[in-house]
file start_17.txt (compact mmCIF, C-alpha atoms)
# COMPACT_ATOMS: atom_id res chain seq x y z
CA MET T 1 107.35 142.33 28.58
CA LEU T 2 105.07 144.35 26.33
CA LYS T 3 104.36 141.35 24.10
CA LYS T 4 103.52 139.24 27.11
CA ASN T 5 100.99 141.77 28.37
CA GLN T 6 99.50 142.24 24.89
CA PHE T 7 99.03 138.49 24.65
CA PHE T 8 97.49 138.31 28.09
CA PHE T 9 95.10 141.15 27.27
CA ILE T 10 93.92 139.39 24.10
CA LEU T 11 93.53 136.18 26.09
CA MET T 12 91.33 137.89 28.68
CA VAL T 13 89.16 139.54 26.03
CA CYS T 14 88.71 136.24 24.25
CA ALA T 15 87.65 134.70 27.56
CA SER T 16 84.46 136.74 27.31
CA SER T 17 83.69 135.38 23.84
CA TYR T 18 81.38 132.57 24.85
CA SER T 19 78.62 131.33 22.61
CA GLN T 20 75.19 130.49 23.89
CA SER T 21 75.94 126.83 24.56
CA VAL T 22 77.34 124.47 27.15
CA ARG T 23 81.14 124.59 27.44
CA LYS T 24 83.62 121.88 28.44
CA TYR T 25 85.63 124.42 30.41
CA SER T 26 83.81 127.30 32.03
CA ASN T 27 84.30 129.13 35.33
CA GLU T 28 87.41 126.97 35.72
CA PHE T 29 88.74 129.11 38.58
CA MET T 30 86.07 127.42 40.71
CA ASN T 31 87.69 124.02 40.02
CA ILE T 32 91.27 124.81 41.09
CA GLY T 33 90.70 123.72 44.68
CA VAL T 34 91.11 125.21 48.15
CA ASP T 35 92.88 124.28 51.40
CA ALA T 36 96.53 123.17 51.25
CA ALA T 37 95.63 120.00 53.17
CA ALA T 38 93.28 118.87 50.40
CA LEU T 39 95.58 120.02 47.61
CA GLY T 40 98.44 118.02 49.12
CA MET T 41 96.26 114.92 48.68
CA ALA T 42 95.54 115.81 45.03
CA ASN T 43 91.97 116.88 45.94
CA ALA T 44 90.90 113.30 46.79
CA VAL T 45 88.77 114.46 49.73
CA THR T 46 85.17 114.20 48.52
CA SER T 47 84.35 111.49 51.06
CA SER T 48 86.61 112.56 53.96
CA THR T 49 86.19 116.36 54.11
CA ASN T 50 84.77 117.30 57.51
CA ASP T 51 85.58 120.93 58.33
CA VAL T 52 84.93 124.51 57.21
CA ASN T 53 86.41 123.75 53.77
CA SER T 54 83.68 121.19 53.13
CA GLY T 55 81.61 124.02 51.70
CA TYR T 56 83.89 123.76 48.67
CA TRP T 57 84.71 120.03 48.51
CA ASN T 58 81.39 118.53 49.63
CA PRO T 59 78.90 120.57 51.69
CA ALA T 60 77.64 117.40 53.40
CA GLY T 61 80.91 117.35 55.37
CA LEU T 62 79.93 120.51 57.26
CA ILE T 63 77.77 118.33 59.49
CA HIS T 64 80.94 117.17 61.30
CA LEU T 65 81.67 120.67 62.64
CA GLU T 66 81.66 120.94 66.41
CA ASP T 67 82.12 124.73 66.58
CA HIS T 68 82.77 127.84 64.51
CA GLN T 69 85.68 127.60 62.07
CA ILE T 70 87.41 129.98 59.70
CA SER T 71 89.82 129.13 56.88
CA LEU T 72 92.20 131.28 54.82
CA MET T 73 94.36 130.41 51.81
CA HIS T 74 96.66 132.24 49.42
CA ALA T 75 98.47 130.96 46.35
CA ASN T 76 100.36 132.34 43.35
CA TYR T 77 100.05 130.78 39.92
CA PHE T 78 101.82 131.19 36.56
CA ALA T 79 105.12 132.56 37.90
CA ASN T 80 103.29 134.83 40.37
CA ILE T 81 101.23 136.50 37.63
CA ALA T 82 97.90 135.29 39.05
CA GLN T 83 96.79 135.59 42.66
CA TYR T 84 94.38 133.06 44.17
CA ASP T 85 92.72 133.81 47.52
CA TYR T 86 90.08 132.04 49.57
CA ILE T 87 88.26 132.69 52.84
CA ALA T 88 85.52 130.59 54.46
CA TYR T 89 83.47 130.53 57.64
CA ALA T 90 81.15 127.80 58.93
CA LYS T 91 79.35 126.76 62.12
CA PRO T 92 76.83 124.19 63.36
CA ILE T 93 73.21 125.27 63.55
CA ASP T 94 72.23 122.42 65.87
CA ASP T 95 72.98 118.70 66.25
CA GLN T 96 71.37 118.00 62.87
CA SER T 97 72.54 120.80 60.59
CA ALA T 98 75.27 123.32 59.76
CA TRP T 99 75.91 126.21 57.40
CA GLY T 100 78.86 128.02 55.84
CA ILE T 101 79.89 130.80 53.50
CA SER T 102 83.03 131.23 51.40
CA MET T 103 84.61 133.49 48.80
CA ILE T 104 87.21 132.77 46.11
CA ARG T 105 89.11 135.41 44.13
CA PHE T 106 91.33 134.55 41.17
CA GLY T 107 92.84 137.66 39.62
CA VAL T 108 95.60 139.20 37.57
CA ASP T 109 96.41 142.82 38.33
CA ASP T 110 98.30 145.58 36.49
CA ILE T 111 97.83 144.23 32.95
CA LEU T 112 99.01 146.63 30.24
CA ASN T 113 96.18 148.00 28.11
CA THR T 114 97.76 148.73 24.70
CA THR T 115 94.53 149.29 22.74
CA GLU T 116 95.35 153.01 22.49
CA LEU T 117 99.10 152.64 22.04
CA ILE T 118 98.97 154.12 18.53
CA ASP T 119 97.49 157.60 18.16
CA SER T 120 95.34 158.91 15.29
CA GLN T 121 98.47 159.88 13.31
CA GLY T 122 99.87 156.35 13.51
CA ASN T 123 102.55 157.22 16.09
CA ILE T 124 103.41 154.97 19.02
CA ASP T 125 102.85 156.83 22.27
CA TYR T 126 103.73 154.86 25.40
CA ASN T 127 101.97 157.47 27.54
CA ARG T 128 98.71 156.10 26.16
CA ILE T 129 99.25 152.74 27.89
CA SER T 130 97.08 152.19 30.94
CA LEU T 131 96.67 149.39 33.46
CA PHE T 132 93.70 147.20 34.26
CA SER T 133 92.88 144.10 36.30
CA THR T 134 90.88 141.00 35.61
CA ALA T 135 89.31 139.10 38.49
CA ASP T 136 86.93 136.20 39.01
CA TYR T 137 84.91 135.94 42.22
CA GLY T 138 82.95 132.98 43.55
CA PHE T 139 80.60 133.38 46.53
CA THR T 140 79.21 130.14 47.97
CA PHE T 141 76.47 129.66 50.57
CA SER T 142 76.36 126.13 52.01
CA TYR T 143 73.89 124.12 54.07
CA ALA T 144 74.26 120.58 55.42
CA ARG T 145 71.92 118.25 57.30
CA LYS T 146 71.88 114.74 58.74
CA SER T 147 69.30 112.37 57.36
CA ALA T 148 67.15 109.87 59.22
CA ILE T 149 69.51 107.13 57.97
CA PRO T 150 72.43 106.68 60.39
CA GLY T 151 75.75 107.73 58.88
CA PHE T 152 74.13 109.54 55.95
CA GLN T 153 74.25 113.32 55.43
CA TYR T 154 73.67 115.69 52.55
CA GLY T 155 74.42 119.29 51.65
CA VAL T 156 73.76 121.95 49.01
CA ASN T 157 75.61 125.00 47.72
CA ALA T 158 74.17 128.14 46.16
CA LYS T 159 76.83 129.97 44.12
CA ILE T 160 77.11 133.50 42.80
CA ILE T 161 79.81 134.10 40.19
CA ARG T 162 81.17 137.56 39.40
CA ARG T 163 83.76 137.99 36.63
CA ILE T 164 85.36 141.30 35.67
CA ILE T 165 87.77 142.05 32.80
CA GLY T 166 88.74 145.66 33.49
CA LYS T 167 86.33 148.09 31.88
CA PHE T 168 85.90 145.79 28.88
CA ALA T 169 83.46 143.14 30.10
CA SER T 170 81.83 141.74 33.22
CA SER T 171 79.37 139.00 34.08
CA TRP T 172 77.12 137.58 36.76
CA GLY T 173 76.47 133.86 37.16
CA PHE T 174 74.34 131.63 39.36
CA GLY T 175 74.39 127.89 40.08
CA PHE T 176 73.96 125.09 42.59
CA ASP T 177 75.94 122.09 43.89
CA ALA T 178 74.76 119.06 45.84
CA GLY T 179 76.76 116.65 47.96
CA LEU T 180 76.26 113.38 49.82
CA GLN T 181 78.34 111.48 52.38
CA PHE T 182 77.84 108.05 53.93
CA GLU T 183 79.84 106.26 56.63
CA LYS T 184 79.74 102.51 57.24
CA ASN T 185 82.21 100.31 59.15
CA ASP T 186 84.87 103.06 59.13
CA TRP T 187 84.57 103.42 55.36
CA GLN T 188 83.53 106.81 54.01
CA PHE T 189 81.74 107.39 50.71
CA GLY T 190 81.10 110.73 49.06
CA LEU T 191 79.40 112.16 45.99
CA MET T 192 79.70 115.77 44.85
CA LEU T 193 77.63 117.10 41.95
CA ARG T 194 78.93 120.48 40.79
CA ASP T 195 76.79 122.91 38.78
CA ILE T 196 74.00 120.38 39.05
CA THR T 197 71.48 122.70 37.39
CA THR T 198 74.21 124.15 35.11
CA THR T 199 75.69 127.51 36.09
CA TYR T 200 74.49 130.34 33.89
CA ASN T 201 76.69 133.42 33.27
CA VAL T 202 75.44 136.57 31.55
CA TRP T 203 78.12 138.90 30.13
CA ASN T 204 77.92 142.65 29.64
CA ILE T 205 80.47 143.76 27.03
CA ASN T 206 81.57 147.39 26.68
CA GLU T 207 80.83 147.99 23.00
CA ALA T 208 82.88 151.20 22.81
CA GLU T 209 85.98 149.44 24.09
CA TYR T 210 85.32 146.41 21.91
CA LYS T 211 85.33 148.55 18.76
CA LYS T 212 88.93 149.54 19.49
CA ILE T 213 90.09 145.96 18.89
CA ALA T 214 87.41 144.77 16.47
CA ASP T 215 89.68 145.28 13.45
CA ALA T 216 92.97 144.35 15.10
CA ILE T 217 93.11 141.14 13.02
CA PRO T 218 91.59 141.48 9.52
CA GLY T 219 88.56 139.29 9.09
CA GLN T 220 88.28 138.48 12.81
CA ASN T 221 86.53 140.01 15.83
CA GLN T 222 84.06 141.82 13.58
CA GLU T 223 80.98 141.10 15.68
CA LEU T 224 80.29 141.22 19.38
CA PRO T 225 80.58 137.79 21.04
CA GLU T 226 77.53 136.11 22.50
CA SER T 227 76.64 137.30 25.97
CA THR T 228 75.75 134.01 27.68
CA GLU T 229 77.84 131.13 29.00
CA ILE T 230 76.65 127.84 30.49
CA THR T 231 78.77 125.64 32.78
CA ALA T 232 78.00 121.93 32.40
CA PRO T 233 77.54 119.66 35.45
CA LYS T 234 80.45 117.63 36.85
CA ALA T 235 80.52 114.74 39.31
CA GLN T 236 83.07 113.54 41.85
CA LEU T 237 82.80 110.15 43.53
CA GLY T 238 85.02 109.49 46.55
CA LEU T 239 86.03 106.63 48.85
CA SER T 240 88.30 106.78 51.92
CA LYS T 241 89.27 105.02 55.12
CA LYS T 242 91.40 105.99 58.08
CA PHE T 243 93.67 103.35 59.63
CA ILE T 244 95.06 103.68 63.16
CA VAL T 245 98.56 102.25 63.66
CA ARG T 246 99.83 101.75 67.21
CA TYR T 247 97.55 104.42 68.67
CA ASP T 248 99.78 107.40 67.80
CA TYR T 249 99.94 106.98 64.03
CA SER T 250 97.21 107.16 61.42
CA ILE T 251 96.96 106.70 57.66
CA LEU T 252 94.12 108.18 55.66
CA ALA T 253 93.83 106.62 52.20
CA ALA T 254 91.45 108.26 49.72
CA ALA T 255 90.48 108.00 46.08
CA ASN T 256 88.32 110.09 43.77
CA ILE T 257 86.80 109.56 40.37
CA ASN T 258 86.25 112.95 38.72
CA MET T 259 83.81 113.01 35.82
CA ARG T 260 83.02 115.58 33.14
CA PHE T 261 80.10 114.89 30.85
CA ALA T 262 82.01 115.77 27.68
CA LYS T 263 84.99 114.41 25.78
CA THR T 264 88.27 115.88 27.08
CA ASN T 265 91.91 114.77 27.36
CA ASP T 266 91.28 112.91 30.62
CA LEU T 267 92.71 109.42 31.05
CA ILE T 268 89.39 107.83 30.11
CA ALA T 269 87.46 109.89 27.56
CA THR T 270 84.27 109.11 25.66
CA SER T 271 81.68 111.28 23.97
CA PHE T 272 79.44 110.86 27.03
CA VAL T 273 81.82 111.14 29.99
CA SER T 274 85.51 111.70 30.70
CA VAL T 275 87.09 110.27 33.85
CA ASP T 276 90.12 111.43 35.81
CA PRO T 277 91.08 109.32 38.88
CA THR T 278 93.00 110.75 41.85
CA LEU T 279 94.68 109.14 44.85
CA GLY T 280 95.66 110.77 48.13
CA PHE T 281 97.30 109.78 51.42
CA GLU T 282 97.70 111.50 54.76
CA PHE T 283 100.08 110.19 57.43
CA GLY T 284 99.34 111.62 60.88
CA TYR T 285 101.10 111.54 64.23
CA THR T 286 98.96 112.13 67.36
CA ASP T 287 96.68 114.44 65.37
CA LEU T 288 99.52 116.97 65.55
CA VAL T 289 101.77 116.51 62.50
CA PHE T 290 100.68 115.43 59.02
CA VAL T 291 102.52 114.42 55.86
CA ARG T 292 100.51 114.21 52.66
CA ALA T 293 100.94 113.02 49.10
CA GLY T 294 98.67 112.60 46.11
CA VAL T 295 98.55 112.18 42.38
CA GLY T 296 95.87 113.08 39.86
CA ASN T 297 95.03 115.06 36.74
CA PHE T 298 95.91 112.16 34.46
CA GLN T 299 95.82 113.51 30.91
CA ASN T 300 96.45 112.11 27.43
CA ILE T 301 99.07 114.43 25.92
CA GLN T 302 99.74 114.69 22.20
CA GLN T 303 103.47 115.13 21.50
CA ILE T 304 104.98 117.16 18.65
CA ASP T 305 105.91 113.95 16.84
CA ASN T 306 102.26 112.81 17.10
CA THR T 307 103.04 110.21 19.76
CA LYS T 308 100.99 110.20 22.93
CA LYS T 309 101.90 110.01 26.59
CA VAL T 310 100.01 110.16 29.87
CA GLY T 311 100.75 113.21 31.99
CA PHE T 312 99.89 113.50 35.66
CA GLN T 313 100.07 115.92 38.57
CA PRO T 314 101.95 114.93 41.74
CA ASN T 315 101.34 116.87 44.98
CA ILE T 316 102.91 116.74 48.43
CA GLY T 317 102.16 118.58 51.66
CA LEU T 318 102.76 119.11 55.36
CA GLY T 319 100.45 120.12 58.19
CA PHE T 320 100.66 121.11 61.85
CA LYS T 321 97.77 121.33 64.27
CA TYR T 322 97.89 122.68 67.81
CA LYS T 323 95.09 123.83 70.10
CA GLY T 324 92.58 124.53 67.36
CA ILE T 325 94.98 126.19 64.92
CA GLN T 326 96.04 124.23 61.84
CA VAL T 327 98.65 125.43 59.33
CA ASP T 328 99.05 123.50 56.08
CA TYR T 329 101.44 123.68 53.14
CA ALA T 330 101.23 122.05 49.72
CA LEU T 331 103.60 121.90 46.78
CA THR T 332 101.53 121.35 43.66
CA ASP T 333 102.25 120.89 39.99
CA LEU T 334 100.06 122.46 37.31
CA GLY T 335 100.01 119.29 35.26
CA ASN T 336 103.14 118.59 33.21
CA GLN T 337 105.78 117.62 35.78
CA SER T 338 107.76 120.81 35.07
CA ALA T 339 109.53 122.19 38.12
CA THR T 340 109.07 125.73 36.82
CA LEU T 341 105.31 125.41 37.25
CA TYR T 342 105.23 124.22 40.82
CA SER T 343 103.19 126.38 43.19
CA ASN T 344 103.61 126.84 46.93
CA ILE T 345 100.28 127.01 48.72
CA PHE T 346 99.65 127.90 52.35
CA SER T 347 96.41 127.77 54.30
CA VAL T 348 95.30 128.33 57.89
CA LYS T 349 92.28 126.90 59.68
CA VAL T 350 91.18 128.13 63.10
CA ASP T 351 88.58 126.79 65.54
CA LEU T 352 87.09 130.00 66.91
CA ALA T 353 86.17 128.23 70.16
CA LEU T 354 89.85 128.67 71.01
CA PHE T 355 89.33 132.38 71.66
CA ARG T 356 86.25 131.88 73.82
CA ASN T 357 88.12 129.46 76.06
call {"tool": "encode", "arguments": {"input": "start_17.txt", "output": "structure tokens"}}
result
Amino acid sequence: MLKKNQFFFILMVCASSYSQSVRKYSNEFMNIGVDAAALGMANAVTSSTNDVNSGYWNPAGLIHLEDHQISLMHANYFANIAQYDYIAYAKPIDDQSAWGISMIRFGVDDILNTTELIDSQGNIDYNRISLFSTADYGFTFSYARKSAIPGFQYGVNAKIIRRIIGKFASSWGFGFDAGLQFEKNDWQFGLMLRDITTTYNVWNINEAEYKKIADAIPGQNQELPESTEITAPKAQLGLSKKFIVRYDYSILAAANINMRFAKTNDLIATSFVSVDPTLGFEFGYTDLVFVRAGVGNFQNIQQIDNTKKVGFQPNIGLGFKYKGIQVDYALTDLGNQSATLYSNIFSVKVDLALFRN
């Protein structure tokens, strides 16, 4: 247990060691996803999102709101080590516009701080172990508006990022997203541009605490890491259509193309852009019961014997909606088809008009 917490502490400290350049993976907690309904469809909702959670998936979708809505979600990751929480609120402004606000917290609590485990005489003293937490916060302010073109709407997000690693380091970050949606002949198209201006994080590192681990590994960690971190833009292109079957049944089919402008392990990877496709389906009965499935996160995986295989992430989910209250559940994989890594995710969405009526 002690080794695990020592490793996790080192991992968190290293997370603050960003150089002054654009990173492939930065502020990744903002890319996990929210809402069990969307996660059950493998996040393929860029074109179809139309409720309070649109502030995360595509702010243009907020324009479909008819009244105030609130959404809550909780999930555990990495064998319940990490806690992921989300809350959002949104409402129409008028017939042409809407706004929303949301907060995400991804944190690990009660991590063992062993930097002072050994006293000045070289003795191990377990009473010198303390606890700390690391937490990432994302605050998003969203605005959506209809355009003069029928079926076309757009939206923007302003994001504030706050990251805290105990008393060792903390940062503030700022960035913007932009989203578009278009509807034509029952087909829905969506485009989401994340961190469109790049998201810029500035770190403040506690130099006194850093000195305690600066010589932990000879020849390493001798200088303070750079204090700035830049998150590169990402794009998501979506297409969806809802089919009605015998009045009571519906099928929503959706697809996304997720793009990072860097070479990664995605299914299609070049020096300019890497592409990860996702597919999602939602089967509905009288807008009351929903069954969902999706697959995505296709990755090229290098095996120990130097052979390669394609890994993917399958998701499934259920949903129930009654009188303005919707409860959703998703069973998601973290990417390698290992049952030990599956996460159970629950979310609730409420139309606040229910309480006024």
call {"tool": "closest_atom_pairs", "arguments": {"input": "start_17.txt", "of": "region 98-196 of chain T", "to": "region 39-48 of chain T", "cutoff": "10 Å", "atoms": "only C-alpha atoms", "output": "CSV"}}
result
residue,atom,partner,partner_atom,distance
T:Gly179,CA,T:Thr46,CA,8.8
T:Leu180,CA,T:Ser47,CA,8.4
T:Gln181,CA,T:Ser47,CA,6.2
T:Phe182,CA,T:Ser47,CA,7.9
T:Glu183,CA,T:Ser47,CA,8.9
T:Trp187,CA,T:Ser47,CA,9.1
T:Gln188,CA,T:Ser47,CA,5.6
T:Phe189,CA,T:Ser47,CA,4.9
T:Gly190,CA,T:Ser47,CA,3.9
T:Leu191,CA,T:Thr46,CA,6.6
T:Met192,CA,T:Thr46,CA,6.8
call {"tool": "write_last_selection", "arguments": {"input": "start_17.txt", "atoms": "C-alpha atoms", "output": "PDB file, in the coordinates of the input"}}
result
ATOM      1  CA  GLY T 179      76.760 116.650  47.960  1.00  0.00           C
ATOM      2  CA  LEU T 180      76.260 113.380  49.820  1.00  0.00           C
ATOM      3  CA  GLN T 181      78.340 111.480  52.380  1.00  0.00           C
ATOM      4  CA  PHE T 182      77.840 108.050  53.930  1.00  0.00           C
ATOM      5  CA  GLU T 183      79.840 106.260  56.630  1.00  0.00           C
ATOM      6  CA  TRP T 187      84.570 103.420  55.360  1.00  0.00           C
ATOM      7  CA  GLN T 188      83.530 106.810  54.010  1.00  0.00           C
ATOM      8  CA  PHE T 189      81.740 107.390  50.710  1.00  0.00           C
ATOM      9  CA  GLY T 190      81.100 110.730  49.060  1.00  0.00           C
ATOM     10  CA  LEU T 191      79.400 112.160  45.990  1.00  0.00           C
ATOM     11  CA  MET T 192      79.700 115.770  44.850  1.00  0.00           C
TER      12      MET T 192
END
call {"tool": "residues_around", "arguments": {"input": "start_17.txt", "residues": "Thr278 (chain T)", "least_positions_apart": "4", "cutoff": "12 Å", "atoms": "only C-alpha atoms", "output": "NGL selection string"}}
result
:T and (38-46 or 236-240 or 253-259 or 266-267 or 293-299 or 312-315)
call {"tool": "atom_distance", "arguments": {"input": "start_17.txt", "atom1": "CA of Tyr329 (chain T)", "atom2": "CA of Ser343 (chain T)"}}
result
10.5 Å
call {"tool": "closest_residue", "arguments": {"input": "start_17.txt", "among": "T:Arg162, T:Lys309, T:His64, T:Lys91", "to": "Thr49 (chain T)", "atoms": "all atoms listed in the file"}}
result
T:His64
call {"tool": "atom_distance", "arguments": {"input": "start_17.txt", "atom1": "CA of Gly138 (chain T)", "atom2": "CA of Ala353 (chain T)"}}
result
27.2 Å
call {"tool": "atom_distance", "arguments": {"input": "start_17.txt", "atom1": "CA of Asn27 (chain T)", "atom2": "CA of Thr231 (chain T)"}}
result
7.0 Å
call {"tool": "closest_residue", "arguments": {"input": "start_17.txt", "among": "T:Thr332, T:Gln153, T:Thr264, T:Gln326", "to": "Ile301 (chain T)", "atoms": "only C-alpha atoms"}}
result
T:Thr264
call {"tool": "residues_around", "arguments": {"input": "start_17.txt", "residues": "region 125-133 of chain T", "least_positions_apart": "5", "cutoff": "10 Å", "atoms": "all atoms listed in the file", "output": "PDB file with C-alpha atoms, keeping the file's coordinate frame"}}
result
ATOM      1  CA  PHE T   9      95.100 141.150  27.270  1.00  0.00           C
ATOM      2  CA  MET T  12      91.330 137.890  28.680  1.00  0.00           C
ATOM      3  CA  GLY T 107      92.840 137.660  39.620  1.00  0.00           C
ATOM      4  CA  VAL T 108      95.600 139.200  37.570  1.00  0.00           C
ATOM      5  CA  ASP T 109      96.410 142.820  38.330  1.00  0.00           C
ATOM      6  CA  ASP T 110      98.300 145.580  36.490  1.00  0.00           C
ATOM      7  CA  ILE T 111      97.830 144.230  32.950  1.00  0.00           C
ATOM      8  CA  LEU T 112      99.010 146.630  30.240  1.00  0.00           C
ATOM      9  CA  ASN T 113      96.180 148.000  28.110  1.00  0.00           C
ATOM     10  CA  THR T 114      97.760 148.730  24.700  1.00  0.00           C
ATOM     11  CA  THR T 115      94.530 149.290  22.740  1.00  0.00           C
ATOM     12  CA  GLU T 116      95.350 153.010  22.490  1.00  0.00           C
ATOM     13  CA  LEU T 117      99.100 152.640  22.040  1.00  0.00           C
ATOM     14  CA  ILE T 118      98.970 154.120  18.530  1.00  0.00           C
ATOM     15  CA  ASP T 119      97.490 157.600  18.160  1.00  0.00           C
ATOM     16  CA  ILE T 164      85.360 141.300  35.670  1.00  0.00           C
ATOM     17  CA  ILE T 165      87.770 142.050  32.800  1.00  0.00           C
ATOM     18  CA  GLY T 166      88.740 145.660  33.490  1.00  0.00           C
ATOM     19  CA  LYS T 167      86.330 148.090  31.880  1.00  0.00           C
ATOM     20  CA  PHE T 168      85.900 145.790  28.880  1.00  0.00           C
TER      21      PHE T 168
END
call {"tool": "residues_around", "arguments": {"input": "start_17.txt", "residues": "Ser170 (chain T)", "least_positions_apart": "2", "cutoff": "12 Å", "atoms": "only C-alpha atoms", "output": "list in words"}}
result
Met12, Val13, Ala15, Ser16, Ser17, Ser133, Thr134, Ala135, Asp136, Tyr137, Ile161, Arg162, Arg163, Ile164, Ile165, Gly166, Lys167, Phe168, Trp172, Gly173, Asn201, Val202, Trp203, Asn204, Ile205, Asn206, Ser227 and Thr228 of chain T
call {"tool": "decode", "arguments": {"input": "start_17.txt", "residues": "region 286-293 of chain T", "atoms": "all heavy atoms", "output": "mmCIF file, in the first residue's frame"}}
result
data_model
loop_
_atom_site.group_PDB
_atom_site.id
_atom_site.type_symbol
_atom_site.label_atom_id
_atom_site.label_comp_id
_atom_site.auth_asym_id
_atom_site.auth_seq_id
_atom_site.Cartn_x
_atom_site.Cartn_y
_atom_site.Cartn_z
ATOM 1 N N THR T 286 -41.232 4.675 -26.400
ATOM 2 C CA THR T 286 -42.179 5.720 -25.988
ATOM 3 C C THR T 286 -41.505 6.843 -25.188
ATOM 4 O O THR T 286 -42.119 7.428 -24.299
ATOM 5 C CB THR T 286 -43.344 5.139 -25.166
ATOM 6 O OG1 THR T 286 -42.822 4.623 -23.923
ATOM 7 C CG2 THR T 286 -44.074 4.053 -25.916
ATOM 8 N N ASP T 287 -40.268 7.142 -25.512
ATOM 9 C CA ASP T 287 -39.530 8.199 -24.816
ATOM 10 C C ASP T 287 -39.529 7.976 -23.303
ATOM 11 O O ASP T 287 -39.494 8.918 -22.507
ATOM 12 C CB ASP T 287 -40.121 9.577 -25.122
ATOM 13 C CG ASP T 287 -39.121 10.700 -24.857
ATOM 14 O OD1 ASP T 287 -37.910 10.468 -25.030
ATOM 15 O OD2 ASP T 287 -39.554 11.797 -24.460
ATOM 16 N N LEU T 288 -39.546 6.699 -22.914
ATOM 17 C CA LEU T 288 -39.612 6.322 -21.506
ATOM 18 C C LEU T 288 -38.425 5.453 -21.086
ATOM 19 O O LEU T 288 -37.808 5.682 -20.040
ATOM 20 C CB LEU T 288 -40.923 5.578 -21.225
ATOM 21 C CG LEU T 288 -41.143 5.081 -19.804
ATOM 22 C CD1 LEU T 288 -41.316 6.261 -18.853
ATOM 23 C CD2 LEU T 288 -42.372 4.159 -19.753
ATOM 24 N N VAL T 289 -38.095 4.464 -21.900
ATOM 25 C CA VAL T 289 -37.014 3.530 -21.599
ATOM 26 C C VAL T 289 -36.015 3.550 -22.751
ATOM 27 O O VAL T 289 -36.411 3.565 -23.924
ATOM 28 C CB VAL T 289 -37.546 2.097 -21.395
ATOM 29 C CG1 VAL T 289 -36.401 1.137 -21.084
ATOM 30 C CG2 VAL T 289 -38.588 2.070 -20.286
ATOM 31 N N PHE T 290 -34.718 3.531 -22.404
ATOM 32 C CA PHE T 290 -33.671 3.614 -23.414
ATOM 33 C C PHE T 290 -32.596 2.555 -23.151
ATOM 34 O O PHE T 290 -32.227 2.316 -22.005
ATOM 35 C CB PHE T 290 -33.006 4.995 -23.405
ATOM 36 C CG PHE T 290 -33.972 6.136 -23.570
ATOM 37 C CD1 PHE T 290 -34.541 6.748 -22.459
ATOM 38 C CD2 PHE T 290 -34.313 6.596 -24.833
ATOM 39 C CE1 PHE T 290 -35.427 7.793 -22.600
ATOM 40 C CE2 PHE T 290 -35.204 7.640 -24.993
ATOM 41 C CZ PHE T 290 -35.774 8.248 -23.874
ATOM 42 N N VAL T 291 -32.138 1.950 -24.230
ATOM 43 C CA VAL T 291 -31.008 1.018 -24.176
ATOM 44 C C VAL T 291 -29.948 1.555 -25.129
ATOM 45 O O VAL T 291 -30.244 1.884 -26.277
ATOM 46 C CB VAL T 291 -31.423 -0.410 -24.581
ATOM 47 C CG1 VAL T 291 -30.202 -1.339 -24.558
ATOM 48 C CG2 VAL T 291 -32.510 -0.936 -23.655
ATOM 49 N N ARG T 292 -28.708 1.628 -24.643
ATOM 50 C CA ARG T 292 -27.660 2.272 -25.438
ATOM 51 C C ARG T 292 -26.430 1.380 -25.576
ATOM 52 O O ARG T 292 -26.155 0.534 -24.717
ATOM 53 C CB ARG T 292 -27.250 3.602 -24.789
ATOM 54 C CG ARG T 292 -28.429 4.544 -24.548
ATOM 55 C CD ARG T 292 -27.977 5.845 -23.925
ATOM 56 N NE ARG T 292 -29.110 6.738 -23.693
ATOM 57 C CZ ARG T 292 -29.742 6.864 -22.525
ATOM 58 N NH1 ARG T 292 -29.323 6.168 -21.476
ATOM 59 N NH2 ARG T 292 -30.765 7.669 -22.405
ATOM 60 N N ALA T 293 -25.714 1.593 -26.649
ATOM 61 C CA ALA T 293 -24.456 0.874 -26.875
ATOM 62 C C ALA T 293 -23.560 1.738 -27.748
ATOM 63 O O ALA T 293 -24.041 2.545 -28.554
ATOM 64 C CB ALA T 293 -24.707 -0.474 -27.540
#
